[in-house]
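query.txt follows; it contains compact mmCIF, C-alpha atoms.
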```txt
# COMPACT_ATOMS: atom_id res chain seq x y z
CA MET R 1 -12.45 173.02 110.74
CA GLU R 2 -12.64 169.25 111.06
CA LEU R 3 -9.42 167.27 110.79
CA LYS R 4 -9.48 163.51 110.34
CA ARG R 5 -6.82 161.12 111.50
CA ARG R 6 -5.41 157.74 110.71
CA GLY R 7 -6.07 154.96 113.20
CA LEU R 8 -3.26 153.53 115.30
CA MET R 9 -2.16 150.08 116.40
CA TYR R 10 -2.05 149.90 120.19
CA ILE R 11 0.09 146.98 121.32
CA MET R 12 0.00 145.75 124.91
CA SER R 13 2.65 143.21 125.86
CA SER R 14 3.62 141.81 129.23
CA PRO R 15 4.72 138.62 130.88
CA SER R 16 1.80 136.33 131.60
CA GLY R 17 0.13 137.41 134.82
CA ALA R 18 0.74 141.17 134.79
CA GLY R 19 -2.91 142.12 134.22
CA LYS R 20 -2.82 142.74 130.49
CA THR R 21 -6.13 141.05 129.64
CA THR R 22 -8.05 143.12 132.21
CA ILE R 23 -6.51 146.32 130.82
CA THR R 24 -7.26 145.40 127.21
CA ARG R 25 -10.91 144.65 128.04
CA ALA R 26 -11.31 147.93 129.93
CA LEU R 27 -9.89 149.91 127.00
CA LEU R 28 -12.21 148.17 124.53
CA LYS R 29 -15.16 149.05 126.75
CA ASN R 30 -14.08 152.71 127.06
CA ASN R 31 -13.36 153.13 123.34
CA GLN R 32 -16.34 151.86 121.39
CA ASP R 33 -14.69 152.58 118.05
CA MET R 34 -11.59 150.53 118.82
CA ILE R 35 -11.37 146.95 117.65
CA LEU R 36 -9.46 144.00 119.09
CA SER R 37 -7.08 142.22 116.76
CA ILE R 38 -7.90 138.52 116.98
CA SER R 39 -4.98 136.19 116.32
CA ALA R 40 -5.09 133.01 114.31
CA THR R 41 -3.49 130.00 115.98
CA THR R 42 -2.80 126.32 115.39
CA ARG R 43 -3.02 125.69 119.14
CA LYS R 44 -5.89 123.45 120.30
CA ARG R 45 -8.98 125.23 121.52
CA ARG R 46 -9.31 125.13 125.32
CA ALA R 47 -12.59 124.75 127.20
CA GLY R 48 -14.47 128.06 127.16
CA GLU R 49 -12.59 129.54 124.22
CA VAL R 50 -14.68 130.77 121.29
CA HIS R 51 -13.55 130.67 117.63
CA GLY R 52 -13.51 134.19 116.18
CA GLN R 53 -13.58 135.78 119.62
CA ASP R 54 -10.56 134.44 121.54
CA TYR R 55 -8.72 133.16 118.47
CA TYR R 56 -9.30 131.95 114.96
CA PHE R 57 -8.50 128.25 115.42
CA VAL R 58 -6.99 126.93 112.20
CA ASP R 59 -4.93 123.87 111.25
CA THR R 60 -1.30 124.02 110.15
CA THR R 61 -2.15 123.75 106.44
CA GLU R 62 -4.52 126.71 106.61
CA PHE R 63 -2.03 128.71 108.69
CA ASP R 64 0.72 128.07 106.12
CA HIS R 65 -1.60 129.20 103.33
CA MET R 66 -2.33 132.48 105.15
CA VAL R 67 1.38 133.11 105.64
CA ASN R 68 2.27 132.29 102.03
CA ASP R 69 -0.54 134.45 100.66
CA GLY R 70 0.73 137.45 102.63
CA GLU R 71 -2.38 137.50 104.80
CA MET R 72 -0.43 137.69 108.07
CA LEU R 73 0.86 140.95 109.52
CA GLU R 74 3.14 138.92 111.79
CA TYR R 75 3.42 135.36 113.05
CA ALA R 76 5.58 133.33 115.41
CA LYS R 77 5.93 129.89 116.93
CA VAL R 78 5.40 129.71 120.71
CA PHE R 79 5.49 126.41 122.65
CA GLY R 80 5.27 124.48 119.39
CA ASN R 81 2.17 126.28 118.11
CA TYR R 82 1.85 129.05 115.54
CA TYR R 83 0.22 132.37 116.30
CA GLY R 84 -0.36 135.15 113.77
CA THR R 85 -2.24 138.39 113.12
CA PRO R 86 -4.53 138.46 110.07
CA ARG R 87 -3.72 141.61 108.09
CA LYS R 88 -6.99 142.70 106.50
CA PRO R 89 -9.14 143.60 109.56
CA VAL R 90 -6.26 145.74 110.86
CA GLU R 91 -5.64 147.62 107.62
CA ASP R 92 -9.37 148.25 107.08
CA ALA R 93 -9.75 149.69 110.57
CA LEU R 94 -6.69 151.97 110.32
CA SER R 95 -7.74 153.49 107.02
CA GLN R 96 -11.18 154.23 108.51
CA GLY R 97 -9.53 156.13 111.38
CA LYS R 98 -10.26 153.35 113.87
CA ASP R 99 -7.72 152.09 116.39
CA VAL R 100 -6.83 148.45 116.81
CA ILE R 101 -5.64 146.98 120.09
CA PHE R 102 -3.28 143.98 120.14
CA ASP R 103 -2.48 141.54 122.91
CA ILE R 104 0.71 140.05 121.45
CA ASP R 105 4.24 139.27 122.59
CA TRP R 106 7.60 140.85 121.73
CA GLN R 107 8.06 138.67 118.63
CA GLY R 108 4.87 139.94 117.03
CA THR R 109 5.62 143.50 118.13
CA GLN R 110 9.04 143.44 116.50
CA GLN R 111 7.62 142.20 113.21
CA ILE R 112 4.85 144.82 113.09
CA ALA R 113 7.35 147.53 114.05
CA GLU R 114 9.42 146.61 111.01
CA ILE R 115 6.59 147.24 108.57
CA ALA R 116 4.45 149.91 110.25
CA ARG R 117 6.45 151.74 112.95
CA GLU R 118 4.60 155.01 112.39
CA ASP R 119 1.19 153.49 113.06
CA LEU R 120 2.36 151.77 116.21
CA VAL R 121 2.10 152.64 119.90
CA THR R 122 3.58 150.03 122.19
CA VAL R 123 3.05 149.58 125.92
CA PHE R 124 4.74 147.06 128.18
CA ILE R 125 2.97 146.18 131.43
CA LEU R 126 5.18 145.14 134.35
CA PRO R 127 3.98 143.37 137.49
CA PRO R 128 4.66 145.39 140.66
CA SER R 129 6.92 142.76 142.26
CA GLN R 130 8.55 139.39 141.80
CA SER R 131 6.15 137.77 144.26
CA ALA R 132 3.11 139.17 142.46
CA LEU R 133 4.38 137.75 139.18
CA GLU R 134 5.12 134.32 140.66
CA ASP R 135 1.75 134.19 142.44
CA ARG R 136 -0.07 134.85 139.19
CA LEU R 137 1.98 132.33 137.22
CA ARG R 138 1.38 129.59 139.84
CA LYS R 139 -2.31 130.38 140.30
CA ARG R 140 -2.88 130.15 136.57
CA SER R 141 -1.13 126.79 136.41
CA ARG R 142 -3.32 125.37 139.23
CA THR R 143 -6.55 126.30 137.46
CA THR R 144 -5.50 124.70 134.19
CA LEU R 145 -3.96 121.53 135.67
CA GLU R 146 -0.62 122.09 134.00
CA SER R 147 2.36 119.80 134.42
CA ASP R 148 5.61 120.94 136.06
CA THR R 149 7.16 121.16 132.60
CA ASP R 150 4.37 123.48 131.46
CA ILE R 151 4.88 125.71 134.51
CA ARG R 152 8.64 125.85 133.97
CA GLY R 153 8.00 126.68 130.31
CA ARG R 154 5.64 129.49 131.26
CA MET R 155 8.18 130.91 133.71
CA ALA R 156 10.95 130.78 131.13
CA LYS R 157 8.62 132.55 128.67
CA ALA R 158 7.83 135.23 131.28
CA SER R 159 11.53 135.78 131.90
CA ASP R 160 12.22 135.98 128.16
CA GLU R 161 9.31 138.41 127.65
CA LEU R 162 10.53 140.67 130.50
CA SER R 163 13.90 141.17 128.85
CA HIS R 164 12.22 142.91 125.90
CA TYR R 165 10.68 145.84 127.79
CA THR R 166 13.34 148.15 126.32
CA GLU R 167 11.75 147.86 122.88
CA TYR R 168 8.48 149.51 123.98
CA ASP R 169 7.41 153.17 123.86
CA TYR R 170 5.85 153.11 127.33
CA VAL R 171 6.29 150.94 130.40
CA ILE R 172 3.59 150.87 133.07
CA VAL R 173 4.23 149.19 136.41
CA ASN R 174 0.80 147.77 137.27
CA GLN R 175 0.64 148.57 140.99
CA ASN R 176 -3.04 149.50 140.89
CA ILE R 177 -5.24 148.24 138.07
CA ASP R 178 -7.47 151.35 137.92
CA GLU R 179 -4.48 153.70 137.73
CA THR R 180 -2.92 151.50 135.06
CA ILE R 181 -6.09 151.60 132.96
CA THR R 182 -6.23 155.40 133.35
CA LYS R 183 -2.62 155.68 132.18
CA ALA R 184 -3.19 153.38 129.23
CA GLN R 185 -6.20 155.50 128.23
CA LEU R 186 -4.22 158.76 128.54
CA ILE R 187 -1.48 157.36 126.34
CA LEU R 188 -4.11 156.46 123.73
CA ASP R 189 -5.71 159.93 123.92
CA VAL R 190 -2.41 161.70 123.41
CA GLU R 191 -1.03 159.38 120.74
CA ARG R 192 -4.22 159.96 118.74
CA ILE R 193 -3.43 163.66 118.38
CA LYS R 194 0.14 163.23 117.15
CA ARG R 195 0.89 165.30 114.09
CA HIS R 196 1.81 162.44 111.78
CA ARG R 197 -1.60 160.78 112.23
CA MET R 198 -3.56 163.91 111.24
CA ILE R 199 -5.08 164.01 107.77
CA GLY R 200 -5.69 167.30 105.95
CA LEU R 201 -3.18 169.40 107.88
CA ALA R 202 -1.23 170.46 104.78
CA ASP R 203 -4.38 171.92 103.19
CA PHE R 204 -5.35 173.62 106.43
CA VAL R 205 -1.95 175.33 106.78
CA ARG R 206 -2.00 176.36 103.11
CA GLY R 207 -5.31 178.11 103.86
CA LEU R 208 -3.77 179.95 106.82
CA LYS R 209 -0.88 181.19 104.69
CA ASN R 210 -3.07 182.58 101.92
CA GLY R 211 -2.79 186.34 101.94
CA LEU R 212 0.04 186.57 104.47
CA MET O 1 8.89 150.76 144.13
CA GLU O 2 9.76 154.35 143.25
CA LEU O 3 11.06 155.08 139.77
CA LYS O 4 12.66 158.39 138.93
CA ARG O 5 12.70 160.02 135.54
CA ARG O 6 14.74 162.42 133.49
CA GLY O 7 13.21 165.83 132.79
CA LEU O 8 12.06 166.77 129.31
CA MET O 9 12.29 169.86 127.13
CA TYR O 10 8.82 170.99 126.11
CA ILE O 11 9.00 173.25 123.09
CA MET O 12 6.02 175.34 122.03
CA SER O 13 6.30 177.05 118.66
CA SER O 14 3.73 178.91 116.62
CA PRO O 15 3.34 181.90 114.37
CA SER O 16 3.00 185.10 116.35
CA GLY O 17 -0.59 185.53 117.47
CA ALA O 18 -1.68 181.90 117.88
CA GLY O 19 -1.95 182.07 121.69
CA LYS O 20 1.36 180.47 122.61
CA THR O 21 2.25 182.84 125.46
CA THR O 22 -1.08 182.26 127.23
CA ILE O 23 -0.62 178.49 126.95
CA THR O 24 2.97 178.61 128.23
CA ARG O 25 1.93 180.69 131.27
CA ALA O 26 -0.93 178.32 132.09
CA LEU O 27 1.37 175.29 131.92
CA LEU O 28 3.92 176.97 134.20
CA LYS O 29 1.15 177.72 136.71
CA ASN O 30 -0.16 174.11 136.59
CA ASN O 31 3.29 172.50 136.86
CA GLN O 32 5.14 174.11 139.76
CA ASP O 33 8.26 172.06 139.16
CA MET O 34 8.60 173.10 135.54
CA ILE O 35 10.89 175.98 134.65
CA LEU O 36 10.75 178.43 131.75
CA SER O 37 13.83 178.67 129.57
CA ILE O 38 14.70 182.36 129.34
CA SER O 39 16.47 183.37 126.13
CA ALA O 40 19.37 185.75 125.87
CA THR O 41 19.00 188.43 123.19
CA THR O 42 20.83 191.38 121.71
CA ARG O 43 17.51 193.05 120.90
CA LYS O 44 16.76 196.31 122.77
CA ARG O 45 14.63 196.00 125.87
CA ARG O 46 11.06 197.23 125.29
CA ALA O 47 8.97 199.13 127.85
CA GLY O 48 7.68 196.71 130.50
CA GLU O 49 10.21 193.96 129.77
CA VAL O 50 12.28 192.74 132.71
CA HIS O 51 15.88 191.49 132.45
CA GLY O 52 16.10 187.87 133.65
CA GLN O 53 12.35 187.39 133.35
CA ASP O 54 11.40 188.14 129.74
CA TYR O 55 14.94 187.89 128.37
CA TYR O 56 18.53 188.24 129.39
CA PHE O 57 19.41 191.46 127.57
CA VAL O 58 23.05 191.31 126.53
CA ASP O 59 25.23 193.18 124.03
CA THR O 60 26.68 191.58 120.90
CA THR O 61 30.14 191.12 122.47
CA GLU O 62 28.69 189.22 125.43
CA PHE O 63 26.44 187.16 123.15
CA ASP O 64 29.42 186.19 120.98
CA HIS O 65 31.37 185.15 124.09
CA MET O 66 28.50 182.88 125.20
CA VAL O 67 28.33 181.25 121.78
CA ASN O 68 32.11 180.75 121.54
CA ASP O 69 32.32 179.32 125.07
CA GLY O 70 29.66 176.70 124.21
CA GLU O 71 27.18 178.24 126.65
CA MET O 72 24.32 178.32 124.12
CA LEU O 73 22.10 175.34 123.44
CA GLU O 74 20.94 177.06 120.24
CA TYR O 75 20.93 180.54 118.76
CA ALA O 76 19.65 182.33 115.68
CA LYS O 77 19.40 185.78 114.11
CA VAL O 78 15.85 187.11 113.72
CA PHE O 79 15.10 190.59 112.33
CA GLY O 80 18.76 191.56 112.74
CA ASN O 81 18.96 190.57 116.42
CA TYR O 82 20.43 187.47 118.04
CA TYR O 83 18.42 185.15 120.28
CA GLY O 84 19.82 182.15 122.11
CA THR O 85 19.13 179.62 124.87
CA PRO O 86 21.67 179.48 127.72
CA ARG O 87 22.61 175.84 128.23
CA LYS O 88 23.30 175.50 131.97
CA PRO O 89 19.85 176.17 133.51
CA VAL O 90 18.34 173.64 131.09
CA GLU O 91 20.84 170.86 131.74
CA ASP O 92 20.64 171.35 135.51
CA ALA O 93 16.85 171.08 135.46
CA LEU O 94 16.77 167.97 133.25
CA SER O 95 19.24 166.04 135.39
CA GLN O 96 17.13 166.87 138.48
CA GLY O 97 14.06 165.37 136.79
CA LYS O 98 12.50 168.79 136.16
CA ASP O 99 10.92 169.78 132.88
CA VAL O 100 11.81 172.93 130.97
CA ILE O 101 9.37 174.76 128.73
CA PHE O 102 10.61 176.75 125.71
CA ASP O 103 8.90 179.44 123.69
CA ILE O 104 11.19 179.37 120.64
CA ASP O 105 10.86 179.27 116.87
CA TRP O 106 11.59 176.52 114.33
CA GLN O 107 15.27 177.52 114.02
CA GLY O 108 15.94 176.96 117.72
CA THR O 109 13.85 173.79 117.71
CA GLN O 110 15.87 172.31 114.84
CA GLN O 111 19.16 173.02 116.60
CA ILE O 112 18.06 171.50 119.92
CA ALA O 113 16.62 168.48 118.07
CA GLU O 114 20.05 167.85 116.56
CA ILE O 115 21.74 167.53 119.94
CA ALA O 116 19.01 166.24 122.27
CA ARG O 117 16.17 164.65 120.28
CA GLU O 118 15.39 162.11 123.01
CA ASP O 119 14.78 164.78 125.65
CA LEU O 120 12.55 166.81 123.38
CA VAL O 121 8.78 167.07 123.01
CA THR O 122 7.67 169.58 120.41
CA VAL O 123 4.25 171.16 119.95
CA PHE O 124 3.17 173.51 117.20
CA ILE O 125 0.16 175.74 117.89
CA LEU O 126 -1.94 176.75 114.88
CA PRO O 127 -4.48 179.57 114.83
CA PRO O 128 -8.01 178.37 114.00
CA SER O 129 -8.34 180.46 110.83
CA GLN O 130 -6.59 182.89 108.53
CA SER O 131 -8.69 185.81 109.79
CA ALA O 132 -7.88 184.99 113.44
CA LEU O 133 -4.19 185.02 112.60
CA GLU O 134 -4.36 188.30 110.67
CA ASP O 135 -6.44 189.96 113.40
CA ARG O 136 -3.85 189.07 116.02
CA LEU O 137 -0.93 190.17 113.89
CA ARG O 138 -2.56 193.57 113.17
CA LYS O 139 -3.76 194.15 116.72
CA ARG O 140 -0.27 193.52 118.05
CA SER O 141 1.21 195.98 115.56
CA ARG O 142 -1.26 198.73 116.63
CA THR O 143 -0.34 198.44 120.30
CA THR O 144 3.39 198.65 119.66
CA LEU O 145 3.24 201.45 117.04
CA GLU O 146 5.07 199.44 114.43
CA SER O 147 5.80 200.68 110.93
CA ASP O 148 4.33 199.05 107.81
CA THR O 149 7.70 197.47 107.19
CA ASP O 150 7.62 195.92 110.67
CA ILE O 151 4.12 194.54 110.07
CA ARG O 152 5.09 193.08 106.70
CA GLY O 153 8.17 191.55 108.32
CA ARG O 154 6.04 190.00 111.04
CA MET O 155 3.64 188.54 108.48
CA ALA O 156 6.50 187.11 106.43
CA LYS O 157 7.91 185.58 109.64
CA ALA O 158 4.50 184.08 110.49
CA SER O 159 4.23 182.56 107.01
CA ASP O 160 7.76 181.17 107.26
CA GLU O 161 7.06 179.75 110.74
CA LEU O 162 3.84 178.07 109.55
CA SER O 163 5.68 176.10 106.89
CA HIS O 164 7.66 174.26 109.59
CA TYR O 165 4.72 172.61 111.39
CA THR O 166 5.72 169.25 109.84
CA GLU O 167 8.83 169.11 112.03
CA TYR O 168 6.83 168.96 115.30
CA ASP O 169 5.61 165.94 117.29
CA TYR O 170 2.17 167.42 117.95
CA VAL O 171 0.04 170.07 116.26
CA ILE O 172 -2.80 171.71 118.17
CA VAL O 173 -5.31 173.92 116.38
CA ASN O 174 -6.13 176.55 119.00
CA GLN O 175 -9.89 176.86 118.54
CA ASN O 176 -10.59 177.15 122.26
CA ILE O 177 -7.84 178.26 124.62
CA ASP O 178 -9.00 176.10 127.57
CA GLU O 179 -9.17 172.97 125.43
CA THR O 180 -5.76 173.75 123.98
CA ILE O 181 -4.25 174.12 127.47
CA THR O 182 -5.85 170.81 128.52
CA LYS O 183 -4.36 169.08 125.46
CA ALA O 184 -0.92 170.59 126.07
CA GLN O 185 -1.07 169.36 129.68
CA LEU O 186 -2.15 165.83 128.62
CA ILE O 187 0.74 165.64 126.17
CA LEU O 188 3.11 166.62 128.98
CA ASP O 189 1.60 164.03 131.37
CA VAL O 190 1.96 161.21 128.86
CA GLU O 191 5.40 162.17 127.55
CA ARG O 192 6.63 162.15 131.15
CA ILE O 193 5.91 158.43 131.48
CA LYS O 194 7.67 157.36 128.29
CA ARG O 195 9.97 154.42 128.85
CA HIS O 196 13.19 156.11 127.74
CA ARG O 197 12.83 158.84 130.38
CA MET O 198 12.50 156.37 133.27
CA ILE O 199 15.51 155.84 135.51
CA GLY O 200 16.06 152.56 137.37
CA LEU O 201 13.93 150.36 135.15
CA ALA O 202 16.76 147.94 134.30
CA ASP O 203 17.35 147.21 138.00
CA PHE O 204 13.64 146.83 138.64
CA VAL O 205 13.23 144.27 135.83
CA ARG O 206 16.34 142.40 136.98
CA GLY O 207 14.64 142.05 140.39
CA LEU O 208 11.47 140.67 138.77
CA LYS O 209 13.46 138.07 136.85
CA ASN O 210 15.33 136.75 139.91
CA GLY O 211 14.16 133.25 140.61
CA LEU O 212 12.08 132.81 137.44
```
Starting from the file, lay out its structure as structure tokens.
Amino acid sequence: MELKRRGLMYIMSSPSGAGKTTITRALLKNNQDMILSISATTRKRRAGEVHGQDYYFVDTTEFDHMVNDGEMLEYAKVFGNYYGTPRKPVEDALSQGKDVIFDIDWQGTQQIAEIAREDLVTVFILPPSQSALEDRLRKRSRTTLESDTDIRGRMAKASDELSHYTEYDYVIVNQNIDETITKAQLILDVERIKRHRMIGLADFVRGLKNGL
Amino acid sequence: MELKRRGLMYIMSSPSGAGKTTITRALLKNNQDMILSISATTRKRRAGEVHGQDYYFVDTTEFDHMVNDGEMLEYAKVFGNYYGTPRKPVEDALSQGKDVIFDIDWQGTQQIAEIAREDLVTVFILPPSQSALEDRLRKRSRTTLESDTDIRGRMAKASDELSHYTEYDYVIVNQNIDETITKAQLILDVERIKRHRMIGLADFVRGLKNGL
């Protein structure tokens, strides 16, 4: 008796600086079959970023084309730049029973939830304290030589993001990164065995009922 | 940072003979804080059954009183006898953050889902094969000296129960009892950390946002 299942979309959101990137990388390492959804963006490539790995860097014309041709699962404008999720890699993975992990914000999550709620598992990562959040936001701004306006913008974005935690299936307070990764993995393990993702169950039950 | 949570109702249903009782007992042993919901019934007490442990054995007049006074969370008639879940022990446990495990059929599950869907986690246990199911149904009938009519009734009930698997959150095919218990425990662990069961999250997030 071998039952297959449909893949799931595993969305991790959090305010900047809550540890989301570390968690996403750990999950990808632990789950060889899972793929990372890579966003397309019109934002300029930063030093160290790789096209097709961190983002697909495209210009506004190309981005518009992708949106108009229905090639985006979701998209949004953040700080004057567009970000979007190309549809095809995600749909191919799901139908092959593979899971896809997303590192996107509440705007993208809302849009995907509208079209594919049943395939979605959403996790919101919270920092353990206000000081931890502020430390991370300031440290990040020092390393990238941001202006005061950029820092204020990032803080406003973090505050805005925080207010959307109520829209997520799970909330993890990231007090200890290893425990958080363990929890995120457990959630994935359990969500994978949910009834509505199983394929072939109707036939299996019909077999059980034969002769009763 | 200490967040509390609301308890959950963990419902295990299955056709007779799929191993549900063994799984329920193992979960109660592993989770000291969890309580078992004990049904009230008008069915006659069998040898070895203990009042207040296996069932609350009541007469039809008393059962009717409980229903009319709103003391039943759900009730149903099965094989000419009434079965119901007393409401108070369940509500007390949930508000104290304790989980309650239920060994009830699809009729009870549907009724509880109507009034408390958010507090509910439902698992359907399937036997691994038709022969395993039939073996268990026949073995049980031999030990309790049932008539042919009783056996046919039990089989019809099993077939009826099987057709309701689609109404459950999780389906576990019980191929190996230890693996099944592990899965049932994982489901419990993950459902416990769902966002909507957490108490105090709004205050915690308000604290994070102060000063941003």
Compile the contact shell of stretch 119-134 of chain O as number ranges by chain: residues with an atom at most 7 Å away, counting only C-alpha atoms, same-chain residues fewer than 4 positions apart removed.
R: 207-208; O: 8-14, 17-18, 20, 113, 138, 165, 168-175
Of the candidates O:Ala158, O:Ile35, O:Ala40, O:Ile181, which one gets nearest to chain R if we count all atoms listed in the file?
O:Ala158
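Distance-wise, atom CA of R:Asp33 and atom CA of R:Glu167 end up 27.3 Å apart.
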For O:Arg87, work out the shell of residues within 9 Å, counting all atoms listed in the file and skipping chain neighbours fewer than 4 positions away, then give it as a VMD selection string.
chain O and resid 70 to 74 91 to 92
Might you pull out every residue within 9 Å of O:Ile177, with all atoms listed in the file counted and same-chain residues fewer than 6 positions away left off, and present them as number ranges by chain?
O: 19, 22-23
May I ask for the distance between atom CA of O:Thr41 and atom CA of O:Tyr82, given in Å to one decimal place?
5.4 Å
Pick from R:Arg152, R:Asp178, R:Ala93, R:Ile199, whichever lies nearest to chain O using only C-alpha atoms
R:Arg152
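Residue nearest chain R, chosen from O:Lys4, O:Lys44, O:Arg136, O:Arg206 and counting only C-alpha atoms: O:Arg206.
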Atom CA of R:Thr42 and atom CA of R:Met66, how far apart in Å?
12.0 Å
Rank R:Asp103, R:Asp150, R:Asp135, R:Asp69 by their smallest atom-to-atom distance to R:Leu27, using only C-alpha atoms, and report the top residue only.
R:Asp103
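Residue nearest chain O, chosen from R:Gln32, R:Asn68, R:Ser159, R:Thr85 and counting all atoms listed in the file: R:Ser159.
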Closest of O:Leu137, O:Ile151, O:Ile101, O:Leu162 to R:Ala202 - atom-to-atom distances counting only C-alpha atoms
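For R:Ala202, the nearest of the given residues is O:Leu162.
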Please complete stretch 171-187 of chain O with N, CA, C and O atoms and give it back as a PDB file, keeping the file's coordinate frame.
```
ATOM      1  N   VAL O 171       0.593 168.808 116.751  1.00  0.00           N
ATOM      2  CA  VAL O 171       0.040 170.070 116.260  1.00  0.00           C
ATOM      3  C   VAL O 171      -1.303 170.263 116.945  1.00  0.00           C
ATOM      4  O   VAL O 171      -2.133 169.350 116.956  1.00  0.00           O
ATOM      5  N   ILE O 172      -1.495 171.407 117.567  1.00  0.00           N
ATOM      6  CA  ILE O 172      -2.800 171.710 118.170  1.00  0.00           C
ATOM      7  C   ILE O 172      -3.379 172.935 117.461  1.00  0.00           C
ATOM      8  O   ILE O 172      -2.729 173.973 117.371  1.00  0.00           O
ATOM      9  N   VAL O 173      -4.603 172.781 116.944  1.00  0.00           N
ATOM     10  CA  VAL O 173      -5.310 173.920 116.380  1.00  0.00           C
ATOM     11  C   VAL O 173      -6.030 174.613 117.536  1.00  0.00           C
ATOM     12  O   VAL O 173      -6.904 174.024 118.167  1.00  0.00           O
ATOM     13  N   ASN O 174      -5.636 175.842 117.822  1.00  0.00           N
ATOM     14  CA  ASN O 174      -6.130 176.550 119.000  1.00  0.00           C
ATOM     15  C   ASN O 174      -7.499 177.180 118.763  1.00  0.00           C
ATOM     16  O   ASN O 174      -7.624 178.387 118.622  1.00  0.00           O
ATOM     17  N   GLN O 175      -8.539 176.340 118.757  1.00  0.00           N
ATOM     18  CA  GLN O 175      -9.890 176.860 118.540  1.00  0.00           C
ATOM     19  C   GLN O 175     -10.475 177.389 119.837  1.00  0.00           C
ATOM     20  O   GLN O 175     -11.291 178.296 119.849  1.00  0.00           O
ATOM     21  N   ASN O 176     -10.080 176.759 120.941  1.00  0.00           N
ATOM     22  CA  ASN O 176     -10.590 177.150 122.260  1.00  0.00           C
ATOM     23  C   ASN O 176      -9.418 177.067 123.222  1.00  0.00           C
ATOM     24  O   ASN O 176      -8.818 176.005 123.396  1.00  0.00           O
ATOM     25  N   ILE O 177      -9.082 178.190 123.844  1.00  0.00           N
ATOM     26  CA  ILE O 177      -7.840 178.260 124.620  1.00  0.00           C
ATOM     27  C   ILE O 177      -7.822 177.254 125.788  1.00  0.00           C
ATOM     28  O   ILE O 177      -6.781 176.636 126.057  1.00  0.00           O
ATOM     29  N   ASP O 178      -8.972 177.040 126.443  1.00  0.00           N
ATOM     30  CA  ASP O 178      -9.000 176.100 127.570  1.00  0.00           C
ATOM     31  C   ASP O 178      -8.756 174.667 127.100  1.00  0.00           C
ATOM     32  O   ASP O 178      -8.022 173.907 127.729  1.00  0.00           O
ATOM     33  N   GLU O 179      -9.382 174.314 125.977  1.00  0.00           N
ATOM     34  CA  GLU O 179      -9.170 172.970 125.430  1.00  0.00           C
ATOM     35  C   GLU O 179      -7.724 172.778 124.994  1.00  0.00           C
ATOM     36  O   GLU O 179      -7.147 171.708 125.155  1.00  0.00           O
ATOM     37  N   THR O 180      -7.150 173.833 124.435  1.00  0.00           N
ATOM     38  CA  THR O 180      -5.760 173.750 123.980  1.00  0.00           C
ATOM     39  C   THR O 180      -4.825 173.545 125.169  1.00  0.00           C
ATOM     40  O   THR O 180      -3.898 172.725 125.112  1.00  0.00           O
ATOM     41  N   ILE O 181      -5.072 174.267 126.268  1.00  0.00           N
ATOM     42  CA  ILE O 181      -4.250 174.120 127.470  1.00  0.00           C
ATOM     43  C   ILE O 181      -4.393 172.696 128.029  1.00  0.00           C
ATOM     44  O   ILE O 181      -3.406 172.068 128.416  1.00  0.00           O
ATOM     45  N   THR O 182      -5.617 172.186 128.041  1.00  0.00           N
ATOM     46  CA  THR O 182      -5.850 170.810 128.520  1.00  0.00           C
ATOM     47  C   THR O 182      -5.065 169.817 127.672  1.00  0.00           C
ATOM     48  O   THR O 182      -4.411 168.913 128.195  1.00  0.00           O
ATOM     49  N   LYS O 183      -5.106 169.992 126.346  1.00  0.00           N
ATOM     50  CA  LYS O 183      -4.360 169.080 125.460  1.00  0.00           C
ATOM     51  C   LYS O 183      -2.861 169.173 125.714  1.00  0.00           C
ATOM     52  O   LYS O 183      -2.166 168.154 125.776  1.00  0.00           O
ATOM     53  N   ALA O 184      -2.360 170.400 125.847  1.00  0.00           N
ATOM     54  CA  ALA O 184      -0.920 170.590 126.070  1.00  0.00           C
ATOM     55  C   ALA O 184      -0.493 169.940 127.388  1.00  0.00           C
ATOM     56  O   ALA O 184       0.602 169.384 127.499  1.00  0.00           O
ATOM     57  N   GLN O 185      -1.383 169.988 128.390  1.00  0.00           N
ATOM     58  CA  GLN O 185      -1.070 169.360 129.680  1.00  0.00           C
ATOM     59  C   GLN O 185      -1.093 167.826 129.554  1.00  0.00           C
ATOM     60  O   GLN O 185      -0.230 167.145 130.108  1.00  0.00           O
ATOM     61  N   LEU O 186      -2.068 167.284 128.820  1.00  0.00           N
ATOM     62  CA  LEU O 186      -2.150 165.830 128.620  1.00  0.00           C
ATOM     63  C   LEU O 186      -0.901 165.306 127.914  1.00  0.00           C
ATOM     64  O   LEU O 186      -0.361 164.261 128.267  1.00  0.00           O
ATOM     65  N   ILE O 187      -0.473 166.034 126.905  1.00  0.00           N
ATOM     66  CA  ILE O 187       0.740 165.640 126.170  1.00  0.00           C
ATOM     67  C   ILE O 187       1.911 165.566 127.149  1.00  0.00           C
ATOM     68  O   ILE O 187       2.674 164.592 127.163  1.00  0.00           O
TER      69      ILE O 187
END
```
